[in-house]
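K.L.:
Contents of query15.csv (CSV, C-alpha atoms):
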```csv
chain,number,residue,atom,x,y,z
A,131,MET,CA,4.6,17.6,9.6
A,132,ASN,CA,2.6,14.7,11.0
A,133,GLU,CA,3.7,11.6,9.1
A,134,GLN,CA,0.3,10.0,9.3
A,135,ASN,CA,-1.1,12.7,7.1
A,136,VAL,CA,1.0,11.7,4.1
A,137,LYS,CA,1.1,7.9,4.2
A,138,ILE,CA,0.0,6.6,0.9
A,139,SER,CA,0.6,2.8,1.1
A,140,ASP,CA,-3.1,2.0,0.2
A,141,LYS,CA,-3.4,4.7,-2.5
A,142,LYS,CA,-2.5,4.1,-6.1
A,143,THR,CA,-2.8,7.2,-8.3
A,144,ILE,CA,0.4,8.6,-9.6
A,145,GLY,CA,0.9,11.9,-11.4
A,146,VAL,CA,3.8,12.5,-13.7
A,147,ILE,CA,4.6,16.1,-14.7
A,148,GLY,CA,6.5,16.2,-18.0
A,149,ALA,CA,6.1,13.9,-20.9
A,150,GLY,CA,9.6,13.6,-22.2
A,151,ALA,CA,11.4,10.3,-22.4
A,152,TRP,CA,12.0,10.0,-18.7
A,153,GLY,CA,8.6,11.1,-17.6
A,154,THR,CA,6.9,8.8,-20.1
A,155,ALA,CA,9.1,5.8,-19.0
A,156,LEU,CA,8.3,6.4,-15.3
A,157,ALA,CA,4.6,6.6,-16.2
A,158,ILE,CA,4.9,3.2,-17.9
A,159,ALA,CA,6.8,1.8,-14.9
A,160,ALA,CA,4.1,3.1,-12.5
A,161,ALA,CA,1.3,1.6,-14.6
A,162,ARG,CA,3.2,-1.6,-14.8
A,163,ALA,CA,3.3,-1.6,-10.9
A,164,GLY,CA,-0.5,-1.6,-11.0
A,165,HIS,CA,-1.3,2.1,-10.5
A,166,SER,CA,-3.5,4.6,-12.4
A,167,VAL,CA,-1.3,7.2,-13.9
A,168,THR,CA,-1.9,10.8,-15.0
A,169,LEU,CA,0.7,12.0,-17.5
A,170,TRP,CA,0.6,15.8,-17.6
A,171,MET,CA,2.1,17.9,-20.4
A,172,ARG,CA,1.6,21.6,-21.5
A,173,ASP,CA,0.5,21.0,-25.1
A,174,GLU,CA,-3.2,20.0,-25.4
A,175,ALA,CA,-2.8,18.7,-29.0
A,176,VAL,CA,0.2,16.5,-28.0
A,177,ALA,CA,-1.8,15.2,-25.0
A,178,ALA,CA,-4.7,14.3,-27.2
A,179,GLU,CA,-2.5,12.6,-29.7
A,180,ILE,CA,-0.8,10.5,-27.0
A,181,GLN,CA,-4.1,9.6,-25.4
A,182,SER,CA,-5.5,8.5,-28.8
A,183,SER,CA,-2.5,6.7,-30.2
A,184,ARG,CA,-1.1,5.4,-26.9
A,185,ILE,CA,2.3,6.3,-28.1
A,186,ASN,CA,4.6,9.3,-27.3
A,187,GLN,CA,5.9,9.7,-30.8
A,188,SER,CA,8.4,12.4,-30.0
A,189,TYR,CA,10.2,10.7,-27.2
A,190,LEU,CA,9.4,7.0,-26.9
A,191,PRO,CA,8.0,6.0,-30.2
A,192,ASP,CA,8.7,2.3,-29.7
A,193,HIS,CA,6.6,1.8,-26.6
A,194,THR,CA,2.9,1.6,-26.3
A,195,LEU,CA,1.4,3.2,-23.2
A,196,PRO,CA,-0.8,1.0,-21.0
A,197,LEU,CA,-4.5,1.9,-20.8
A,198,THR,CA,-4.1,2.9,-17.2
A,199,ILE,CA,-2.1,6.0,-18.3
A,200,THR,CA,-4.2,9.1,-19.0
A,201,ALA,CA,-2.4,11.8,-21.0
A,202,THR,CA,-3.7,15.2,-20.3
A,203,ALA,CA,-2.9,19.0,-20.4
A,204,ASP,CA,-5.6,19.7,-17.8
A,205,PRO,CA,-3.8,20.6,-14.4
A,206,HIS,CA,-7.0,19.8,-12.5
A,207,ARG,CA,-6.5,16.1,-13.3
A,208,LEU,CA,-3.5,16.2,-10.9
A,209,THR,CA,-5.6,17.0,-7.9
A,210,SER,CA,-6.6,13.4,-7.3
A,211,CYS,CA,-3.0,12.1,-7.4
A,212,ASP,CA,-1.5,10.6,-4.3
A,213,ALA,CA,2.1,11.2,-5.4
A,214,LEU,CA,3.6,13.4,-8.1
A,215,LEU,CA,6.8,12.7,-10.1
A,216,LEU,CA,8.3,16.0,-11.3
A,217,CYS,CA,10.0,15.3,-14.6
A,218,ALA,CA,10.2,18.7,-16.1
A,219,PRO,CA,13.8,19.8,-17.1
A,220,ALA,CA,15.8,21.3,-14.3
A,221,GLN,CA,15.9,24.8,-15.7
A,222,HIS,CA,12.1,24.8,-16.2
A,223,LEU,CA,11.0,23.3,-12.9
A,224,ASP,CA,10.5,26.6,-11.1
A,225,HIS,CA,8.2,28.0,-13.7
A,226,MET,CA,6.3,24.7,-14.0
A,227,LEU,CA,5.6,24.6,-10.3
A,228,GLY,CA,4.4,28.2,-10.4
A,229,VAL,CA,1.9,27.2,-13.0
A,230,LEU,CA,0.7,23.9,-11.4
A,231,LYS,CA,1.1,24.1,-7.6
A,232,GLY,CA,-2.5,25.3,-7.1
A,233,ALA,CA,-3.6,22.0,-8.6
A,234,PHE,CA,-1.8,19.8,-6.0
A,235,ALA,CA,-3.7,18.1,-3.2
A,236,PRO,CA,-2.6,19.1,0.3
A,237,ASN,CA,0.5,17.2,1.6
A,238,VAL,CA,0.9,15.2,-1.6
A,239,PRO,CA,4.6,14.0,-1.9
A,240,LEU,CA,6.6,15.7,-4.7
A,241,LEU,CA,9.4,13.5,-6.1
A,242,ILE,CA,12.0,15.3,-8.2
A,243,CYS,CA,13.0,13.2,-11.2
A,244,ALA,CA,15.1,15.8,-13.1
A,245,LYS,CA,18.9,16.3,-12.6
A,246,GLY,CA,20.5,19.6,-12.5
A,247,ILE,CA,21.3,22.9,-10.7
A,248,VAL,CA,19.6,26.2,-11.5
A,249,ILE,CA,21.9,28.5,-13.4
A,250,LYS,CA,20.5,31.8,-12.2
A,251,THR,CA,20.5,31.1,-8.5
A,252,GLY,CA,22.7,28.0,-7.9
A,253,HIS,CA,19.8,26.4,-6.1
A,254,LEU,CA,19.3,22.7,-6.0
A,255,LEU,CA,16.0,21.5,-7.3
A,256,SER,CA,14.8,20.5,-3.8
A,257,GLN,CA,15.3,24.1,-2.7
A,258,ILE,CA,13.1,25.3,-5.6
A,259,VAL,CA,10.4,22.8,-4.7
A,260,GLN,CA,10.5,23.6,-1.0
A,261,MET,CA,10.2,27.4,-1.8
A,262,GLN,CA,7.4,26.9,-4.2
A,263,CYS,CA,5.5,24.2,-2.3
A,264,PRO,CA,6.5,24.5,1.4
A,265,HIS,CA,3.8,22.3,2.8
A,266,HIS,CA,4.6,19.2,0.7
A,267,PRO,CA,7.1,16.4,1.5
A,268,VAL,CA,9.9,16.5,-1.0
A,269,GLY,CA,12.0,13.6,-2.3
A,270,VAL,CA,14.5,12.9,-5.1
A,271,LEU,CA,14.1,9.9,-7.4
A,272,THR,CA,17.5,9.3,-9.1
A,273,GLY,CA,20.1,6.8,-10.1
A,274,PRO,CA,21.6,5.1,-13.2
A,275,SER,CA,18.7,4.7,-15.6
A,276,PHE,CA,18.1,5.2,-19.3
A,277,ALA,CA,14.4,5.8,-20.2
A,278,HIS,CA,14.2,3.3,-23.0
A,279,GLU,CA,15.5,0.5,-20.7
A,280,VAL,CA,13.0,1.3,-18.0
A,281,ALA,CA,10.2,1.4,-20.6
A,282,GLN,CA,11.4,-2.0,-21.8
A,283,ASN,CA,11.1,-3.4,-18.3
A,284,LEU,CA,14.8,-4.1,-18.1
A,285,PRO,CA,16.3,-4.5,-14.6
A,286,THR,CA,17.0,-1.0,-13.0
A,287,ALA,CA,17.9,0.2,-9.5
A,288,LEU,CA,17.1,3.7,-8.3
A,289,THR,CA,17.5,5.7,-5.2
A,290,LEU,CA,14.7,7.7,-3.4
A,291,ALA,CA,16.1,10.4,-1.2
A,292,MET,CA,14.0,12.0,1.5
A,293,ASP,CA,14.9,13.7,4.8
A,294,GLU,CA,15.0,11.6,8.0
A,295,PRO,CA,11.6,13.0,9.3
A,296,HIS,CA,10.0,11.4,6.2
A,297,ALA,CA,11.7,8.0,6.6
A,298,ALA,CA,8.4,6.1,6.9
A,299,LEU,CA,7.0,7.9,3.9
A,300,ALA,CA,10.1,7.2,1.9
A,301,TYR,CA,9.8,3.4,2.4
A,302,ASP,CA,6.1,3.6,1.7
A,303,LEU,CA,6.9,5.3,-1.7
A,304,CYS,CA,9.5,2.7,-2.4
A,305,GLY,CA,6.9,0.0,-2.1
A,306,LEU,CA,4.6,2.0,-4.3
A,307,LEU,CA,7.1,2.4,-7.1
A,308,SER,CA,9.1,-0.9,-7.0
A,309,THR,CA,8.4,-3.8,-9.3
A,310,THR,CA,10.2,-7.1,-10.0
A,311,HIS,CA,12.4,-5.2,-12.5
A,312,LEU,CA,12.6,-1.8,-10.9
A,313,ARG,CA,14.1,-1.8,-7.4
A,314,VAL,CA,14.1,1.4,-5.4
A,315,TYR,CA,16.4,2.0,-2.4
A,316,VAL,CA,16.2,4.7,0.3
A,317,THR,CA,18.7,7.3,1.4
A,318,HIS,CA,18.2,10.3,3.6
A,319,ASP,CA,21.0,12.4,1.9
A,320,VAL,CA,18.8,14.6,-0.3
A,321,VAL,CA,21.7,17.0,-1.1
A,322,GLY,CA,24.1,14.2,-2.1
A,323,ALA,CA,21.6,12.4,-4.3
A,324,GLN,CA,21.1,15.6,-6.3
A,325,ILE,CA,24.7,16.5,-6.5
A,326,GLY,CA,25.6,13.1,-7.9
A,327,GLY,CA,22.8,13.1,-10.4
A,328,ALA,CA,23.6,16.7,-11.6
A,329,LEU,CA,27.4,16.6,-11.8
A,330,LYS,CA,27.7,13.2,-13.5
A,331,ASN,CA,26.2,14.9,-16.6
A,332,VAL,CA,29.1,17.3,-16.7
A,333,ILE,CA,31.7,14.6,-16.3
A,334,ALA,CA,29.9,12.6,-19.0
A,335,ILE,CA,30.4,15.5,-21.4
A,336,ALA,CA,34.1,15.5,-20.6
A,337,CYS,CA,34.3,11.7,-21.2
A,338,GLY,CA,32.4,12.2,-24.5
A,339,ILE,CA,34.9,14.9,-25.6
A,340,ALA,CA,37.8,12.5,-24.8
A,341,ALA,CA,36.1,9.8,-26.8
A,342,GLY,CA,35.5,12.1,-29.7
A,343,LYS,CA,39.1,13.2,-29.7
A,344,LYS,CA,40.2,9.5,-29.6
A,345,LEU,CA,42.2,10.0,-26.4
A,346,GLY,CA,41.7,6.4,-25.4
A,347,ASP,CA,40.1,4.4,-22.6
A,348,ASN,CA,42.8,5.3,-20.1
A,349,ALA,CA,41.8,9.0,-20.4
A,350,ARG,CA,38.2,8.1,-19.9
A,351,ALA,CA,39.0,6.1,-16.7
A,352,ALA,CA,41.0,9.0,-15.4
A,353,LEU,CA,38.2,11.5,-16.1
A,354,ILE,CA,35.6,9.3,-14.4
A,355,THR,CA,37.8,8.8,-11.3
A,356,ARG,CA,38.9,12.4,-10.9
A,357,GLY,CA,35.4,13.5,-11.8
A,358,LEU,CA,34.1,11.5,-8.9
A,359,ALA,CA,36.7,13.3,-6.7
A,360,GLU,CA,35.3,16.6,-7.8
A,361,ILE,CA,31.7,15.5,-7.2
A,362,VAL,CA,32.7,14.4,-3.6
A,363,ARG,CA,34.4,17.7,-2.9
A,364,PHE,CA,31.5,19.8,-4.2
A,365,GLY,CA,29.0,17.7,-2.4
A,366,ARG,CA,30.8,17.8,0.9
A,367,ALA,CA,31.0,21.6,0.6
A,368,LEU,CA,27.2,21.6,0.5
A,369,GLY,CA,26.8,19.3,3.4
A,370,ALA,CA,26.4,15.9,1.6
A,371,ASP,CA,27.6,12.6,3.0
A,372,SER,CA,30.7,11.3,1.1
A,373,GLU,CA,29.3,7.7,1.2
A,374,THR,CA,26.4,8.7,-0.9
A,375,PHE,CA,28.7,9.1,-3.9
A,376,LEU,CA,29.7,5.5,-3.8
A,377,GLY,CA,26.1,4.4,-4.3
A,378,LEU,CA,23.5,4.5,-7.1
A,379,SER,CA,23.1,8.2,-7.3
A,380,GLY,CA,26.9,8.7,-7.4
A,381,LEU,CA,29.2,6.1,-8.8
A,382,GLY,CA,26.4,4.1,-10.4
A,383,ASP,CA,24.9,7.0,-12.3
A,384,LEU,CA,28.4,8.3,-13.2
A,385,THR,CA,29.5,5.0,-14.6
A,386,LEU,CA,26.4,4.5,-16.8
A,387,THR,CA,26.4,8.0,-18.2
A,388,CYS,CA,30.1,8.2,-19.0
A,389,ASN,CA,30.1,5.0,-21.0
A,390,ALA,CA,27.1,4.9,-23.4
A,391,MET,CA,26.0,6.8,-26.5
A,392,GLN,CA,22.5,6.5,-25.1
A,393,SER,CA,23.5,9.2,-22.7
A,394,ARG,CA,22.6,12.6,-24.2
A,395,ASN,CA,25.5,14.2,-22.4
A,396,PHE,CA,28.1,11.7,-23.4
A,397,SER,CA,27.0,11.7,-27.0
A,398,LEU,CA,27.0,15.5,-27.1
A,399,GLY,CA,30.6,15.4,-25.8
A,400,VAL,CA,31.6,13.0,-28.5
A,401,LEU,CA,30.3,15.4,-31.2
A,402,VAL,CA,32.0,18.3,-29.6
A,403,GLY,CA,35.2,16.3,-29.4
A,404,ARG,CA,34.9,15.7,-33.2
A,405,GLY,CA,34.8,19.4,-33.8
A,406,GLU,CA,31.1,20.1,-34.0
A,407,ASP,CA,29.6,23.4,-32.6
A,408,PRO,CA,27.9,22.8,-29.2
A,409,GLN,CA,25.2,25.3,-29.9
A,410,LYS,CA,24.3,23.7,-33.2
A,411,ILE,CA,24.2,20.3,-31.6
A,412,LEU,CA,21.8,21.6,-29.0
A,413,SER,CA,19.6,23.3,-31.5
A,414,ASP,CA,19.3,20.2,-33.6
A,415,ARG,CA,18.2,18.1,-30.6
A,416,HIS,CA,14.7,17.5,-29.4
A,417,SER,CA,15.8,16.4,-25.9
A,418,VAL,CA,17.7,18.3,-23.2
A,419,SER,CA,21.4,17.7,-22.4
A,420,GLU,CA,21.3,19.0,-18.8
A,421,GLY,CA,25.0,18.8,-18.3
A,422,VAL,CA,25.5,21.9,-20.5
A,423,TYR,CA,23.5,24.0,-18.1
A,424,THR,CA,24.8,22.3,-15.0
A,425,ALA,CA,28.4,23.0,-16.0
A,426,GLU,CA,27.8,26.8,-15.8
A,427,ALA,CA,25.8,26.5,-12.6
A,428,VAL,CA,28.5,24.3,-11.0
A,429,VAL,CA,31.4,26.6,-12.0
A,430,ASN,CA,29.6,29.6,-10.6
A,431,LEU,CA,28.7,27.9,-7.3
A,432,ALA,CA,32.1,26.3,-6.9
A,433,GLN,CA,33.7,29.7,-7.1
A,434,ARG,CA,31.5,31.0,-4.3
A,435,LEU,CA,32.3,27.9,-2.2
A,436,GLY,CA,36.0,28.0,-2.9
A,437,VAL,CA,36.0,24.4,-4.3
A,438,GLU,CA,38.4,23.3,-7.1
A,439,MET,CA,36.6,21.8,-10.0
A,440,PRO,CA,39.1,21.6,-12.9
A,441,ILE,CA,37.1,19.1,-15.1
A,442,CYS,CA,33.8,20.9,-14.7
A,443,GLU,CA,35.6,24.2,-15.5
A,444,ALA,CA,37.2,22.6,-18.5
A,445,VAL,CA,33.8,21.5,-19.8
A,446,TYR,CA,32.2,24.9,-19.2
A,447,GLU,CA,35.1,26.7,-21.0
A,448,THR,CA,34.9,24.4,-23.9
A,449,LEU,CA,31.1,24.6,-24.3
A,450,SER,CA,31.0,28.4,-23.9
A,451,GLY,CA,33.8,28.8,-26.5
A,452,ALA,CA,36.0,30.6,-24.0
A,453,LYS,CA,38.9,28.2,-24.8
A,454,SER,CA,39.6,25.6,-27.4
A,455,ILE,CA,39.4,21.9,-26.6
A,456,ASP,CA,43.2,21.4,-27.2
A,457,TYR,CA,44.0,24.3,-24.9
A,458,VAL,CA,41.7,22.9,-22.2
A,459,ILE,CA,43.2,19.4,-22.4
A,460,LYS,CA,46.7,20.8,-22.3
A,461,GLY,CA,45.8,22.8,-19.1
A,462,LEU,CA,44.4,19.7,-17.4
A,463,LEU,CA,47.5,17.6,-18.2
A,464,GLU,CA,49.8,20.3,-17.0
A,465,ARG,CA,48.1,20.8,-13.6
A,466,PRO,CA,50.6,20.6,-10.7
A,467,ALA,CA,51.1,17.1,-9.1
A,468,LYS,CA,49.3,16.5,-5.8
A,469,THR,CA,48.1,13.6,-3.7
A,470,GLU,CA,45.2,11.6,-5.1
A,471,ALA,CA,43.0,12.5,-2.1
A,472,ALA,CA,43.3,16.2,-3.0
```
Written as structure tokens, that's how I'd like the structure from this file.
P.N.:
Amino acid sequence: MNEQNVKISDKKTIGVIGAGAWGTALAIAAARAGHSVTLWMRDEAVAAEIQSSRINQSYLPDHTLPLTITATADPHRLTSCDALLLCAPAQHLDHMLGVLKGAFAPNVPLLICAKGIVIKTGHLLSQIVQMQCPHHPVGVLTGPSFAHEVAQNLPTALTLAMDEPHAALAYDLCGLLSTTHLRVYVTHDVVGAQIGGALKNVIAIACGIAAGKKLGDNARAALITRGLAEIVRFGRALGADSETFLGLSGLGDLTLTCNAMQSRNFSLGVLVGRGEDPQKILSDRHSVSEGVYTAEAVVNLAQRLGVEMPICEAVYETLSGAKSIDYVIKGLLERPAKTEAA
């Protein structure tokens, strides 16, 4: 693709697909950066309510939307956007693109802002977007970030991953999205950025379970460290650069998500560790805990790749009800000794 066809440095219309907490927070951030924003959602009544009240009552009730954000359920409003942020949950992204891709302007950059791996196919989200929208440059916007803090304009650093041929576009988009309180860095490891963002949710559930079981801070530190080792092994098997996992989309995101009740995955793990039923927790929640779905996808894909993922397997076995928490913990503690690099 000719890079000059997709440069957008002088254009300032951002589309956000998905009006959950993260999509709404990114819309606020983009408006704060001086851009017009189209916040798209499926439900016309919800869109009308947000447009009228300037508040997303379901996901970010404490934050007023700037007047430069237009909430809509009309896909044709996306046609004028110069960049699109894809914030639909990972397991719904394929369907969402099938519905909307006809509304996208030619060559408009599509930035994936969800974190996960597709259960049915084992595909990364970038593969889904590339299959659905083959003529669009694809990027991944990820990193350690809670939606409420981004909406509050608290300091946050993110990573934008785009392939090397789109390097100039990546830096152009960084300039478009960055503000004094939101700093965006560039990487060309699209696979690694996604693996770090997806698998940290699974490790966060494990850390939450340990917290709920009152296993102590030592156990959490061990889970984070050995969890990172699993992420690196898995990522390398898919062609990622190991160094990526020492950055924002790896260690940064992992550290944040494994240590805060703001994390939907950590908090879910805490409740599971206290003995609550995972399915009931999920049914009672309005938001998505992506780590639940990613755990299954990772275990399936790891088996095909021949990669050892004991913590991710333990999380999956616990959530699926295949094994009890105590049995899973016993199994992890009794694993044969090996070198730390293994």
K.L.:
If I take atom CA of Leu431 of chain A and atom CA of Pro295 of chain A, how far is one from the other in Å, to one decimal?
P.N.:
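Atom-to-atom, atom CA of Leu431 of chain A to atom CA of Pro295 of chain A, that is 28.1 Å.
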K.L.:
Just want the 8 Å neighbourhood of segment 274-289 of chain A, counted on only C-alpha atoms, with same-chain residues fewer than 5 positions away dropped. Output as a PyMOL selection string.
P.N.:
chain A and resi 151-152+155-156+158-159+190+193+311-317+323+378-379+382-384+386-387+392-393
K.L.:
Need to verify the contact set: Leu241 of chain A, 7 Å, all atoms listed in the file, exclusion of same-chain residues closer than 3 positions in sequence. Can you return it as a PyMOL selection string?
P.N.:
chain A and resi 214-216+268-271
K.L.:
Show which residues sit within 12 Å of Ala390 of chain A, as a list in words. Count all atoms listed in the file, and ignore same-chain residues fewer than 5 positions away.
P.N.:
Pro274, Ser275, Phe276, Ala334, Ile335, Cys337, Gly338, Ala341, Asp383, Leu384, Thr385, Asn395, Phe396, Ser397, Leu398, Gly399 and Val400 of chain A
K.L.:
Could you pull the residues within 7 Å of segment 416-424 of chain A, counting all atoms listed in the file, minus those fewer than 3 positions along the same chain, as a list in words?
P.N.:
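Here the answer would be Gly246, Ile247, Ile249, Ala328, Asn331, Val332, Arg394, Asn395, Ala427 and Val428 of chain A.
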K.L.:
Keeping only C-alpha atoms, write the selected residues as an mmCIF file, in the coordinates of the input.
P.N.:
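Ended up saving to part.cif:
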```
data_model
loop_
_atom_site.group_PDB
_atom_site.id
_atom_site.type_symbol
_atom_site.label_atom_id
_atom_site.label_comp_id
_atom_site.auth_asym_id
_atom_site.auth_seq_id
_atom_site.Cartn_x
_atom_site.Cartn_y
_atom_site.Cartn_z
ATOM 1 C CA GLY A 246 20.500 19.600 -12.500
ATOM 2 C CA ILE A 247 21.300 22.900 -10.700
ATOM 3 C CA ILE A 249 21.900 28.500 -13.400
ATOM 4 C CA ALA A 328 23.600 16.700 -11.600
ATOM 5 C CA ASN A 331 26.200 14.900 -16.600
ATOM 6 C CA VAL A 332 29.100 17.300 -16.700
ATOM 7 C CA ARG A 394 22.600 12.600 -24.200
ATOM 8 C CA ASN A 395 25.500 14.200 -22.400
ATOM 9 C CA ALA A 427 25.800 26.500 -12.600
ATOM 10 C CA VAL A 428 28.500 24.300 -11.000
#
```
K.L.:
Identify which of the residues A:Val167, A:Val146, A:Cys263, A:Leu376 lies closest to Val229 of chain A, counting only C-alpha atoms when measuring atom-to-atom distances.
P.N.:
A:Cys263
K.L.:
Report as a PyMOL selection string all protein, DNA and RNA residues lying within 12 Å of Gln433 of chain A, evaluated on all atoms listed in the file, omitting residues in the same chain fewer than 6 positions from it.
P.N.:
chain A and resi 252+364+367+426-427+439-440+442-443
K.L.:
Report, in Å with one decimal, the straight-line distance from atom CA of Pro267 of chain A to atom CA of Asp224 of chain A.
P.N.:
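Rounded to one decimal, the two atoms are 16.6 Å apart.
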K.L.:
At what distance in Å, to one decimal, does atom CA of Met226 of chain A lie from atom CA of Leu208 of chain A?
P.N.:
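One can read the atom CA of Leu208 of chain A to atom CA of Met226 of chain A distance as 13.3 Å.
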K.L.:
Just give me the residues with any atom within 10 Å of (24.6, 22.8, -28.7), file coordinates, counting only C-alpha atoms, written as a VMD selection string.
P.N.:
chain A and resid 398 to 399 401 to 402 406 to 415 418 to 419 422 449 to 450
K.L.:
Got time to write the residues from that selection, C-alpha atoms, as a short mmCIF file (atom, residue, chain, number, x, y, z; two decimals), in the coordinates of the input?
P.N.:
```cif
data_model
loop_
_atom_site.label_atom_id
_atom_site.label_comp_id
_atom_site.auth_asym_id
_atom_site.auth_seq_id
_atom_site.Cartn_x
_atom_site.Cartn_y
_atom_site.Cartn_z
CA LEU A 398 27.00 15.50 -27.10
CA GLY A 399 30.60 15.40 -25.80
CA LEU A 401 30.30 15.40 -31.20
CA VAL A 402 32.00 18.30 -29.60
CA GLU A 406 31.10 20.10 -34.00
CA ASP A 407 29.60 23.40 -32.60
CA PRO A 408 27.90 22.80 -29.20
CA GLN A 409 25.20 25.30 -29.90
CA LYS A 410 24.30 23.70 -33.20
CA ILE A 411 24.20 20.30 -31.60
CA LEU A 412 21.80 21.60 -29.00
CA SER A 413 19.60 23.30 -31.50
CA ASP A 414 19.30 20.20 -33.60
CA ARG A 415 18.20 18.10 -30.60
CA VAL A 418 17.70 18.30 -23.20
CA SER A 419 21.40 17.70 -22.40
CA VAL A 422 25.50 21.90 -20.50
CA LEU A 449 31.10 24.60 -24.30
CA SER A 450 31.00 28.40 -23.90
#
```
K.L.:
For a cut-off of 12 Å around (-3.6, 21.5, -18.1), file coordinates, pick out all residues using all atoms listed in the file and list them as a PDB file with C-alpha atoms, keeping the file's coordinate frame.
P.N.:
```
ATOM      1  CA  ILE A 147       4.600  16.100 -14.700  1.00  0.00           C
ATOM      2  CA  GLY A 148       6.500  16.200 -18.000  1.00  0.00           C
ATOM      3  CA  THR A 168      -1.900  10.800 -15.000  1.00  0.00           C
ATOM      4  CA  LEU A 169       0.700  12.000 -17.500  1.00  0.00           C
ATOM      5  CA  TRP A 170       0.600  15.800 -17.600  1.00  0.00           C
ATOM      6  CA  MET A 171       2.100  17.900 -20.400  1.00  0.00           C
ATOM      7  CA  ARG A 172       1.600  21.600 -21.500  1.00  0.00           C
ATOM      8  CA  ASP A 173       0.500  21.000 -25.100  1.00  0.00           C
ATOM      9  CA  GLU A 174      -3.200  20.000 -25.400  1.00  0.00           C
ATOM     10  CA  ALA A 175      -2.800  18.700 -29.000  1.00  0.00           C
ATOM     11  CA  VAL A 176       0.200  16.500 -28.000  1.00  0.00           C
ATOM     12  CA  ALA A 177      -1.800  15.200 -25.000  1.00  0.00           C
ATOM     13  CA  ALA A 178      -4.700  14.300 -27.200  1.00  0.00           C
ATOM     14  CA  ALA A 201      -2.400  11.800 -21.000  1.00  0.00           C
ATOM     15  CA  THR A 202      -3.700  15.200 -20.300  1.00  0.00           C
ATOM     16  CA  ALA A 203      -2.900  19.000 -20.400  1.00  0.00           C
ATOM     17  CA  ASP A 204      -5.600  19.700 -17.800  1.00  0.00           C
ATOM     18  CA  PRO A 205      -3.800  20.600 -14.400  1.00  0.00           C
ATOM     19  CA  HIS A 206      -7.000  19.800 -12.500  1.00  0.00           C
ATOM     20  CA  ARG A 207      -6.500  16.100 -13.300  1.00  0.00           C
ATOM     21  CA  LEU A 208      -3.500  16.200 -10.900  1.00  0.00           C
ATOM     22  CA  THR A 209      -5.600  17.000  -7.900  1.00  0.00           C
ATOM     23  CA  MET A 226       6.300  24.700 -14.000  1.00  0.00           C
ATOM     24  CA  VAL A 229       1.900  27.200 -13.000  1.00  0.00           C
ATOM     25  CA  LEU A 230       0.700  23.900 -11.400  1.00  0.00           C
ATOM     26  CA  LYS A 231       1.100  24.100  -7.600  1.00  0.00           C
ATOM     27  CA  GLY A 232      -2.500  25.300  -7.100  1.00  0.00           C
ATOM     28  CA  ALA A 233      -3.600  22.000  -8.600  1.00  0.00           C
TER      29      ALA A 233
END
```
